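File shown: target.cif. Contents: mmCIF, C-alpha atoms.
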```cif
data_upload
loop_
_atom_site.label_atom_id
_atom_site.label_comp_id
_atom_site.auth_asym_id
_atom_site.auth_seq_id
_atom_site.Cartn_x
_atom_site.Cartn_y
_atom_site.Cartn_z
CA MET A 1 -25.43 -110.53 24.05
CA THR A 2 -25.61 -113.33 21.45
CA ARG A 3 -22.78 -115.86 21.85
CA ILE A 4 -21.07 -116.84 18.59
CA ASP A 5 -20.83 -120.59 17.94
CA PHE A 6 -17.43 -121.36 16.32
CA GLY A 7 -18.20 -125.07 16.05
CA TYR A 8 -15.78 -126.10 18.82
CA PRO A 9 -15.32 -125.27 22.53
CA SER A 10 -13.19 -122.19 23.03
CA LEU A 11 -12.09 -119.75 25.70
CA SER A 12 -11.85 -116.00 25.25
CA VAL A 13 -8.71 -114.41 26.69
CA ARG A 14 -8.74 -110.67 27.36
CA THR A 15 -5.96 -108.90 29.22
CA ARG A 16 -4.66 -105.37 29.26
CA TRP A 17 -2.14 -106.15 26.52
CA ILE A 18 -3.57 -109.00 24.44
CA SER A 19 -6.93 -110.52 23.61
CA GLY A 20 -7.91 -113.56 21.60
CA ARG A 21 -9.75 -116.84 21.43
CA LEU A 22 -8.21 -120.18 22.46
CA ALA A 23 -9.57 -123.54 21.25
CA VAL A 24 -9.88 -125.85 24.25
CA ARG A 25 -8.89 -129.02 22.39
CA LEU A 26 -5.88 -127.36 20.77
CA ALA A 27 -4.67 -126.00 24.11
CA THR A 28 -5.22 -129.33 25.90
CA VAL A 29 -3.42 -131.42 23.26
CA THR A 30 -0.53 -128.95 23.02
CA ALA A 31 -0.03 -128.85 26.79
CA THR A 32 -0.19 -132.66 26.97
CA LEU A 33 2.43 -133.05 24.24
CA PHE A 34 4.79 -130.61 25.99
CA ILE A 35 4.34 -132.43 29.31
CA LEU A 36 5.00 -135.84 27.73
CA ALA A 37 8.15 -134.48 26.08
CA MET A 38 9.37 -133.16 29.44
CA VAL A 39 8.67 -136.51 31.13
CA LEU A 40 10.66 -138.39 28.47
CA ALA A 41 13.51 -135.88 28.75
CA ILE A 42 13.68 -136.30 32.55
CA PHE A 43 13.68 -140.08 32.19
CA ALA A 44 16.40 -139.90 29.52
CA ILE A 45 18.69 -137.97 31.90
CA THR A 46 19.02 -141.11 34.03
CA LEU A 47 20.29 -143.19 31.07
CA GLY A 48 23.84 -143.39 29.74
CA ASP A 49 27.21 -145.03 30.33
CA TYR A 50 26.83 -144.16 34.00
CA PRO A 51 23.13 -144.84 34.90
CA LEU A 52 21.61 -142.77 37.69
CA ARG A 53 18.69 -143.50 39.98
CA PHE A 54 15.76 -141.10 39.82
CA ASP A 55 16.41 -139.72 43.31
CA GLU A 56 20.08 -139.11 42.45
CA MET A 57 19.05 -137.19 39.36
CA VAL A 58 16.50 -135.09 41.31
CA ARG A 59 18.99 -134.28 44.09
CA THR A 60 21.51 -133.21 41.45
CA LEU A 61 19.01 -130.97 39.66
CA ILE A 62 18.05 -129.18 42.90
CA GLY A 63 21.72 -128.70 43.79
CA SER A 64 22.26 -131.21 46.62
CA GLY A 65 23.83 -134.11 44.70
CA GLU A 66 27.42 -135.31 44.49
CA GLU A 67 29.91 -133.34 42.40
CA PHE A 68 30.44 -136.28 40.03
CA HIS A 69 26.68 -136.59 39.48
CA ARG A 70 26.52 -132.85 38.86
CA THR A 71 29.12 -133.17 36.11
CA ILE A 72 27.15 -135.99 34.47
CA VAL A 73 23.71 -134.39 34.73
CA ILE A 74 24.36 -130.67 34.39
CA GLU A 75 27.44 -130.58 32.18
CA TRP A 76 26.92 -133.61 29.94
CA ARG A 77 23.30 -134.75 29.71
CA LEU A 78 21.20 -131.63 30.34
CA PRO A 79 22.35 -129.71 27.21
CA VAL A 80 21.68 -132.80 25.07
CA LEU A 81 18.12 -133.24 26.33
CA LEU A 82 17.50 -129.49 26.14
CA ALA A 83 18.67 -129.67 22.52
CA ALA A 84 16.17 -132.48 21.84
CA LEU A 85 13.33 -130.30 23.16
CA VAL A 86 14.34 -127.05 21.44
CA PHE A 87 15.48 -128.54 18.13
CA GLY A 88 12.34 -130.68 17.94
CA ALA A 89 10.22 -127.57 18.41
CA LEU A 90 12.20 -125.73 15.71
CA LEU A 91 11.70 -128.57 13.23
CA GLY A 92 7.98 -128.71 14.03
CA VAL A 93 7.61 -124.98 13.42
CA GLY A 94 9.60 -125.15 10.18
CA GLY A 95 7.49 -128.03 8.87
CA ALA A 96 4.25 -126.24 9.78
CA ILE A 97 5.31 -123.06 7.97
CA PHE A 98 6.20 -124.78 4.69
CA GLN A 99 3.25 -127.19 4.73
CA SER A 100 0.98 -124.17 5.16
CA LEU A 101 2.70 -122.16 2.43
CA THR A 102 2.62 -125.06 -0.05
CA ARG A 103 -0.79 -126.32 1.22
CA ASN A 104 0.62 -129.81 0.91
CA PRO A 105 1.59 -132.32 3.65
CA LEU A 106 4.73 -133.16 1.62
CA GLY A 107 5.89 -129.55 1.76
CA SER A 108 8.54 -130.09 4.42
CA PRO A 109 11.99 -128.42 4.39
CA ASP A 110 13.77 -131.79 4.28
CA VAL A 111 11.68 -132.90 1.28
CA ILE A 112 11.86 -129.59 -0.63
CA GLY A 113 15.65 -129.50 -0.28
CA PHE A 114 16.35 -126.63 2.12
CA ASP A 115 17.81 -129.10 4.60
CA ALA A 116 20.11 -130.45 1.88
CA GLY A 117 21.23 -126.90 1.01
CA SER A 118 22.29 -126.27 4.60
CA TYR A 119 24.08 -129.62 4.70
CA THR A 120 25.96 -128.95 1.43
CA ALA A 121 27.13 -125.54 2.62
CA VAL A 122 28.44 -127.00 5.89
CA VAL A 123 30.14 -129.92 4.13
CA ALA A 124 31.85 -127.49 1.74
CA LEU A 125 32.96 -125.30 4.64
CA MET A 126 34.37 -128.23 6.61
CA LEU A 127 36.07 -130.08 3.74
CA VAL A 128 37.11 -127.24 1.42
CA ALA A 129 37.83 -124.42 3.90
CA GLY A 130 38.74 -126.69 6.83
CA ASN A 131 36.66 -124.61 9.26
CA THR A 132 34.81 -126.47 12.05
CA SER A 133 34.00 -123.55 14.39
CA TYR A 134 30.39 -123.14 15.52
CA TRP A 135 29.49 -119.66 14.23
CA PRO A 136 30.95 -120.14 10.69
CA ILE A 137 29.08 -123.46 10.45
CA ALA A 138 25.84 -121.84 11.67
CA GLY A 139 26.22 -119.00 9.18
CA ALA A 140 27.01 -121.39 6.33
CA ALA A 141 23.99 -123.56 7.17
CA ILE A 142 21.62 -120.57 7.13
CA CYS A 143 23.13 -119.12 3.92
CA GLY A 144 23.04 -122.54 2.21
CA GLY A 145 19.41 -123.07 3.17
CA LEU A 146 18.37 -119.59 2.03
CA LEU A 147 20.22 -119.89 -1.31
CA THR A 148 18.60 -123.27 -1.92
CA ALA A 149 15.18 -121.81 -1.03
CA PHE A 150 15.75 -118.94 -3.49
CA ALA A 151 16.84 -121.36 -6.25
CA VAL A 152 13.86 -123.68 -5.68
CA TYR A 153 11.47 -120.71 -5.57
CA VAL A 154 12.79 -119.24 -8.85
CA LEU A 155 12.82 -122.61 -10.67
CA ALA A 156 9.28 -123.41 -9.49
CA TYR A 157 7.83 -119.96 -10.27
CA ARG A 158 5.35 -119.94 -13.16
CA ARG A 159 3.07 -116.89 -12.74
CA GLY A 160 2.95 -117.79 -9.05
CA ILE A 161 3.95 -120.69 -6.84
CA GLN A 162 2.03 -123.97 -7.00
CA GLY A 163 2.72 -126.30 -4.07
CA PHE A 164 3.10 -129.56 -5.99
CA ARG A 165 5.53 -127.99 -8.51
CA LEU A 166 7.59 -126.55 -5.65
CA ILE A 167 7.90 -130.01 -4.08
CA ILE A 168 8.95 -131.69 -7.35
CA VAL A 169 11.56 -129.01 -8.06
CA GLY A 170 12.78 -129.33 -4.45
CA ILE A 171 13.21 -133.08 -4.76
CA GLY A 172 15.27 -132.54 -7.93
CA VAL A 173 17.47 -129.92 -6.24
CA THR A 174 17.93 -132.27 -3.26
CA ALA A 175 19.21 -134.99 -5.60
CA MET A 176 21.66 -132.56 -7.22
CA LEU A 177 22.96 -131.38 -3.85
CA GLY A 178 23.30 -135.00 -2.74
CA SER A 179 25.61 -135.70 -5.67
CA VAL A 180 27.71 -132.64 -4.74
CA ASN A 181 27.98 -133.90 -1.16
CA SER A 182 29.05 -137.35 -2.33
CA TYR A 183 31.69 -135.87 -4.64
CA LEU A 184 33.16 -133.69 -1.89
CA ILE A 185 33.26 -136.57 0.60
CA THR A 186 34.91 -138.98 -1.86
CA ARG A 187 37.61 -136.37 -2.66
CA ALA A 188 38.30 -135.57 1.00
CA ASP A 189 40.93 -136.93 3.36
CA LEU A 190 39.79 -140.14 5.07
CA ARG A 191 39.71 -138.58 8.56
CA ASP A 192 37.73 -135.54 7.34
CA ALA A 193 35.35 -137.76 5.35
CA VAL A 194 34.64 -139.90 8.42
CA ALA A 195 34.07 -136.78 10.56
CA VAL A 196 31.65 -135.28 8.02
CA GLY A 197 29.88 -138.62 7.55
CA PHE A 198 29.34 -138.95 11.29
CA TRP A 199 28.12 -135.36 11.53
CA GLY A 200 25.81 -135.95 8.55
CA ALA A 201 24.05 -138.78 10.40
CA GLY A 202 22.56 -136.21 12.78
CA SER A 203 23.49 -136.66 16.43
CA LEU A 204 22.69 -134.73 19.60
CA GLY A 205 25.46 -136.48 21.51
CA ARG A 206 28.10 -133.84 20.77
CA VAL A 207 25.93 -130.89 21.86
CA SER A 208 27.45 -129.02 24.82
CA TRP A 209 26.69 -125.80 26.65
CA SER A 210 29.23 -123.94 24.49
CA SER A 211 27.14 -124.64 21.38
CA MET A 212 23.75 -124.83 23.10
CA ILE A 213 23.72 -121.32 24.59
CA PRO A 214 24.10 -119.50 21.23
CA SER A 215 21.59 -121.97 19.75
CA LEU A 216 19.07 -121.01 22.46
CA ILE A 217 19.52 -117.30 21.66
CA VAL A 218 18.99 -117.85 17.93
CA ALA A 219 16.06 -120.22 18.60
CA ALA A 220 14.36 -117.58 20.79
CA VAL A 221 14.61 -115.06 17.94
CA ILE A 222 13.16 -117.61 15.49
CA PHE A 223 10.25 -118.50 17.82
CA ILE A 224 9.39 -114.81 18.36
CA ALA A 225 9.51 -114.13 14.61
CA ALA A 226 7.31 -117.17 13.90
CA SER A 227 4.73 -116.10 16.49
CA LEU A 228 4.60 -112.58 15.00
CA LEU A 229 4.03 -114.06 11.51
CA ALA A 230 1.45 -116.64 12.63
CA GLY A 231 -1.45 -114.34 11.71
CA ASP A 232 -0.11 -113.79 8.18
CA LEU A 233 0.36 -117.56 7.81
CA ARG A 234 -3.28 -118.25 8.74
CA ARG A 235 -4.50 -115.64 6.24
CA LEU A 236 -2.27 -117.06 3.46
CA GLU A 237 -3.83 -120.49 4.08
CA MET A 238 -7.13 -119.00 2.89
CA GLY A 239 -5.61 -118.04 -0.46
CA ASP A 240 -3.84 -114.95 -1.81
CA ASP A 241 -7.03 -113.08 -2.70
CA ALA A 242 -8.50 -113.54 0.77
CA ALA A 243 -5.18 -112.59 2.39
CA VAL A 244 -4.95 -109.37 0.37
CA THR A 245 -8.56 -108.54 1.24
CA LEU A 246 -7.71 -108.93 4.94
CA GLY A 247 -4.79 -106.52 4.60
CA THR A 248 -1.83 -108.91 4.25
CA ARG A 249 1.09 -107.92 2.01
CA ILE A 250 1.49 -111.41 0.61
CA GLY A 251 4.92 -110.98 -1.05
CA ARG A 252 6.54 -109.60 2.09
CA ALA A 253 4.77 -112.09 4.37
CA ARG A 254 5.70 -115.09 2.22
CA LEU A 255 9.37 -113.99 2.01
CA LEU A 256 9.63 -113.51 5.78
CA LEU A 257 7.96 -116.87 6.45
CA ILE A 258 10.39 -118.62 4.08
CA VAL A 259 13.36 -117.00 5.85
CA VAL A 260 12.05 -118.06 9.28
CA GLY A 261 11.20 -121.58 8.06
CA VAL A 262 14.64 -122.10 6.50
CA SER A 263 16.30 -120.74 9.64
CA THR A 264 14.66 -123.45 11.78
CA THR A 265 16.20 -126.36 9.87
CA ALA A 266 19.47 -124.51 9.25
CA MET A 267 19.86 -123.89 12.99
CA VAL A 268 19.36 -127.58 13.78
CA THR A 269 21.65 -128.67 10.93
CA ALA A 270 24.42 -126.37 12.15
CA ALA A 271 24.27 -127.64 15.74
CA ALA A 272 23.50 -131.34 15.35
CA GLY A 273 23.60 -132.23 11.65
CA PRO A 274 20.58 -132.96 9.44
CA ILE A 275 17.70 -134.60 11.34
CA GLY A 276 15.09 -135.71 8.86
CA PHE A 277 11.33 -136.31 8.93
CA ILE A 278 10.51 -134.55 12.20
CA ALA A 279 9.51 -131.45 10.21
CA LEU A 280 7.47 -133.64 7.84
CA VAL A 281 5.67 -135.72 10.45
CA ALA A 282 5.08 -133.40 13.42
CA PRO A 283 2.62 -130.88 11.85
CA GLN A 284 0.38 -133.60 10.36
CA ILE A 285 0.17 -135.69 13.55
CA ALA A 286 -0.49 -132.53 15.56
CA ARG A 287 -3.24 -131.46 13.13
CA ARG A 288 -5.00 -134.81 13.48
CA LEU A 289 -4.77 -134.76 17.27
CA THR A 290 -6.02 -131.19 17.58
CA GLY A 291 -8.71 -131.61 14.91
CA THR A 292 -7.94 -128.23 13.33
CA ALA A 293 -8.42 -127.44 9.64
CA GLY A 294 -4.84 -126.19 9.21
CA VAL A 295 -1.55 -126.85 10.98
CA SER A 296 -0.89 -125.00 14.23
CA LEU A 297 2.59 -123.65 14.90
CA LEU A 298 2.33 -124.22 18.65
CA ALA A 299 0.93 -127.75 18.41
CA SER A 300 3.51 -128.63 15.74
CA ALA A 301 6.29 -127.35 18.00
CA ALA A 302 4.97 -129.49 20.87
CA MET A 303 4.77 -132.59 18.66
CA GLY A 304 8.29 -131.92 17.33
CA CYS A 305 9.52 -131.74 20.95
CA LEU A 306 7.91 -135.07 21.76
CA LEU A 307 9.10 -136.88 18.62
CA LEU A 308 12.74 -135.79 18.83
CA THR A 309 12.92 -136.43 22.58
CA ALA A 310 11.43 -139.89 22.06
CA ALA A 311 13.97 -140.56 19.29
CA GLN A 312 16.81 -139.46 21.58
CA LEU A 313 15.47 -141.73 24.34
CA LEU A 314 15.36 -144.61 21.85
CA SER A 315 18.95 -143.83 20.86
CA LEU A 316 20.02 -144.06 24.52
CA LEU A 317 18.21 -147.38 24.97
CA PHE A 318 19.94 -148.76 21.84
CA ALA A 319 23.26 -147.63 23.31
CA GLN A 320 22.62 -149.62 26.47
CA LEU A 321 21.52 -152.75 24.60
CA MET A 322 24.01 -152.72 21.70
CA ARG A 323 25.84 -149.57 20.56
CA PRO A 324 24.99 -145.85 20.10
CA VAL A 325 22.79 -145.01 17.11
CA PRO A 326 22.63 -141.34 15.95
CA VAL A 327 19.19 -139.86 16.46
CA GLY A 328 19.09 -138.76 12.80
CA LEU A 329 19.23 -142.39 11.65
CA ILE A 330 16.34 -143.30 13.95
CA THR A 331 14.12 -140.47 12.65
CA ILE A 332 14.93 -141.38 9.03
CA SER A 333 14.17 -145.08 9.61
CA LEU A 334 10.83 -144.42 11.31
CA GLY A 335 9.95 -141.39 9.18
CA GLY A 336 10.51 -143.33 5.97
CA VAL A 337 7.58 -145.58 6.82
CA TYR A 338 5.39 -142.51 7.32
CA LEU A 339 6.58 -141.03 3.99
CA ILE A 340 5.64 -144.22 2.10
CA TRP A 341 2.16 -144.17 3.67
CA LEU A 342 1.80 -140.47 2.87
CA LEU A 343 2.83 -140.91 -0.78
CA ILE A 344 0.33 -143.76 -1.22
CA ARG A 345 -2.45 -141.71 0.37
CA GLU A 346 -1.64 -138.60 -1.72
CA THR A 347 -1.57 -140.70 -4.91
CA ARG A 348 -4.98 -142.18 -4.14
CA THR A 349 -6.34 -138.73 -3.35
CA GLN A 350 -4.86 -137.29 -6.56
CA TYR A 351 -6.34 -139.98 -8.81
CA GLY A 352 -9.51 -140.61 -6.79
CA THR A 353 -8.79 -144.31 -6.10
CA THR A 354 -9.54 -146.07 -2.83
CA SER A 355 -7.50 -149.29 -3.18
#
```
Translate the structure described by the file into structure tokens.
Amino acid sequence: MTRIDFGYPSLSVRTRWISGRLAVRLATVTATLFILAMVLAIFAITLGDYPLRFDEMVRTLIGSGEEFHRTIVIEWRLPVLLAALVFGALLGVGGAIFQSLTRNPLGSPDVIGFDAGSYTAVVALMLVAGNTSYWPIAGAAICGGLLTAFAVYVLAYRRGIQGFRLIIVGIGVTAMLGSVNSYLITRADLRDAVAVGFWGAGSLGRVSWSSMIPSLIVAAVIFIAASLLAGDLRRLEMGDDAAVTLGTRIGRARLLLIVVGVSTTAMVTAAAGPIGFIALVAPQIARRLTGTAGVSLLASAAMGCLLLTAAQLLSLLFAQLMRPVPVGLITISLGGVYLIWLLIRETRTQYGTTS
């Protein structure tokens, strides 16, 4: 039998239930990123107001530690680090979906404005309705993100969706929503305004098991939906005509992908506040490391895990040296440098200049 050369090393997987082809480099890089994220998360568990030795942390995790250590590790720190891993993966998947749909590295939910829509809905719920319960906030974040996605889609539609126009319209909608947020905060009671401002900085520090368990359930549903739509996403990357030829119902597939992509950022916004730039950065770094033509959902999720866990670790180190810094501020500060580089590179590519 003649062996097909795909241009890169690959492994064929055939079982009773599934079969497919796995790129060796993609699998290796993805596994390495997940392992690095886990290592950083384990190290971060030992940091905090009450530092723990590594052996104390291990004994606590296997169930033979002191009761006080169990409270610190299991009840306080484990849900926070689990949130860093899961929320980072969600942001990576969301960024990969929208960058594939728009075929533009700037096509991230936090740039297009879906993140801002979720944030505005939550701010309105907290300041206008006075509701701070988890499920109403989660529902408001998802509804706000979806409504913003619908508005951006309609405003950008001109006989089809063009990625660059979608991004420009999204940036405009983000600015409008930002003004609404500022107005609501300036009209609010001082205590409520401070609470919303702190939440808006994006922090994993207030995540507990009571909010993490429902987040894990919703995240599992989102990951399953994204994996089921991964094939449609790859076919849409080849263009609408090619996708239709291969049997994809492009309108239905694009709508479902938008809903799943918005849900990723809305879920994170509801639980921890807006955390910017992970969705923008993770898919592009993962694509360069894996050497693939398009962005991979799995590799992007792994890179999102690593980036958000590293940011949380940096936040803990800042807390020990000076004072706590919300993880959202760290990702914005570091991600802003990447955005400037990306804008310069895209401008040079657009106008064909090299200097």
Between range 10-113 of chain A and range 217-238 of chain A, at 12 Å or less, what are the per-residue closest atom pairs and their distances in Å? Count only C-alpha atoms, order by chain and rising residue number, and return it as a Markdown table.
```
| residue | atom | partner | partner_atom | distance |
| --- | --- | --- | --- | --- |
| A:Gly20 | CA | A:Gly231 | CA | 11.8 |
| A:Ala83 | CA | A:Ala219 | CA | 10.6 |
| A:Leu85 | CA | A:Ala219 | CA | 11.4 |
| A:Val86 | CA | A:Ala219 | CA | 7.6 |
| A:Phe87 | CA | A:Ala219 | CA | 8.4 |
| A:Gly88 | CA | A:Ala219 | CA | 11.1 |
| A:Ala89 | CA | A:Phe223 | CA | 9.1 |
| A:Leu90 | CA | A:Ala219 | CA | 7.3 |
| A:Leu91 | CA | A:Ala219 | CA | 10.8 |
| A:Gly92 | CA | A:Phe223 | CA | 11.1 |
| A:Val93 | CA | A:Ala226 | CA | 7.8 |
| A:Gly94 | CA | A:Ala226 | CA | 9.1 |
| A:Gly95 | CA | A:Ala226 | CA | 12.0 |
| A:Ala96 | CA | A:Leu233 | CA | 9.7 |
| A:Ile97 | CA | A:Leu233 | CA | 7.4 |
| A:Phe98 | CA | A:Leu233 | CA | 9.8 |
| A:Gln99 | CA | A:Glu237 | CA | 9.8 |
| A:Ser100 | CA | A:Glu237 | CA | 6.2 |
| A:Leu101 | CA | A:Glu237 | CA | 6.9 |
| A:Thr102 | CA | A:Glu237 | CA | 8.9 |
| A:Arg103 | CA | A:Glu237 | CA | 7.2 |
| A:Asn104 | CA | A:Glu237 | CA | 10.8 |
```
Atom pair CA of Gly304 in chain A / CA of Ser133 in chain A: separation (Å):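 About the pair CA of Gly304 in chain A and CA of Ser133 in chain A: they are 27.2 Å apart.
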Of the listed residues A:Ile171, A:Ala310, A:Ala319, A:Ala116, that which approaches Leu334 in chain A most closely, counting only C-alpha atoms: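 Closest candidate: A:Ala310.
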For Leu216 in chain A, the nearest of the candidates A:Leu82, A:Leu22, A:Leu321, A:Ala41, counting only C-alpha atoms: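 Counting only C-alpha atoms, the residue closest to Leu216 in chain A is A:Leu82.
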Met38 in chain A environment, 12 Å, all atoms listed in the file, sequence neighbours closer than 5 positions dropped, as a list in words: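 So, after excluding close chain neighbours, the residues are Ala31, Thr32, Leu33, Phe43, Ala44, Ile45, Leu78, Leu81, Leu82, Ala84, Leu85, Val86, Ala302, Met303, Cys305, Leu306, Leu307, Leu308, Thr309, Ala310 and Leu313 of chain A.
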Atomic separation - CA of Gly145 in chain A relative to CA of Gly117 in chain A, Å: 4.8 Å
Residue list as a PyMOL selection string for point (8.2, -132.5, 2.5), cut-off 8 Å, only C-alpha atoms: chain A and resi 95+99+105-112+167+279-280
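The space between CA of Gly113 in chain A and CA of Gly251 in chain A spans 21.4 Å.
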Pick from A:Ala311, A:Leu61, A:Leu297, A:Ala272 nearest to Trp199 in chain A, counting only C-alpha atoms: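 Smallest separation from Trp199 in chain A among the options: A:Ala272.
Nearest to Thr132 in chain A of all the residues A:Val58, A:Ala282, A:Asp192, A:Val262 is A:Asp192, based on all atoms listed in the file.
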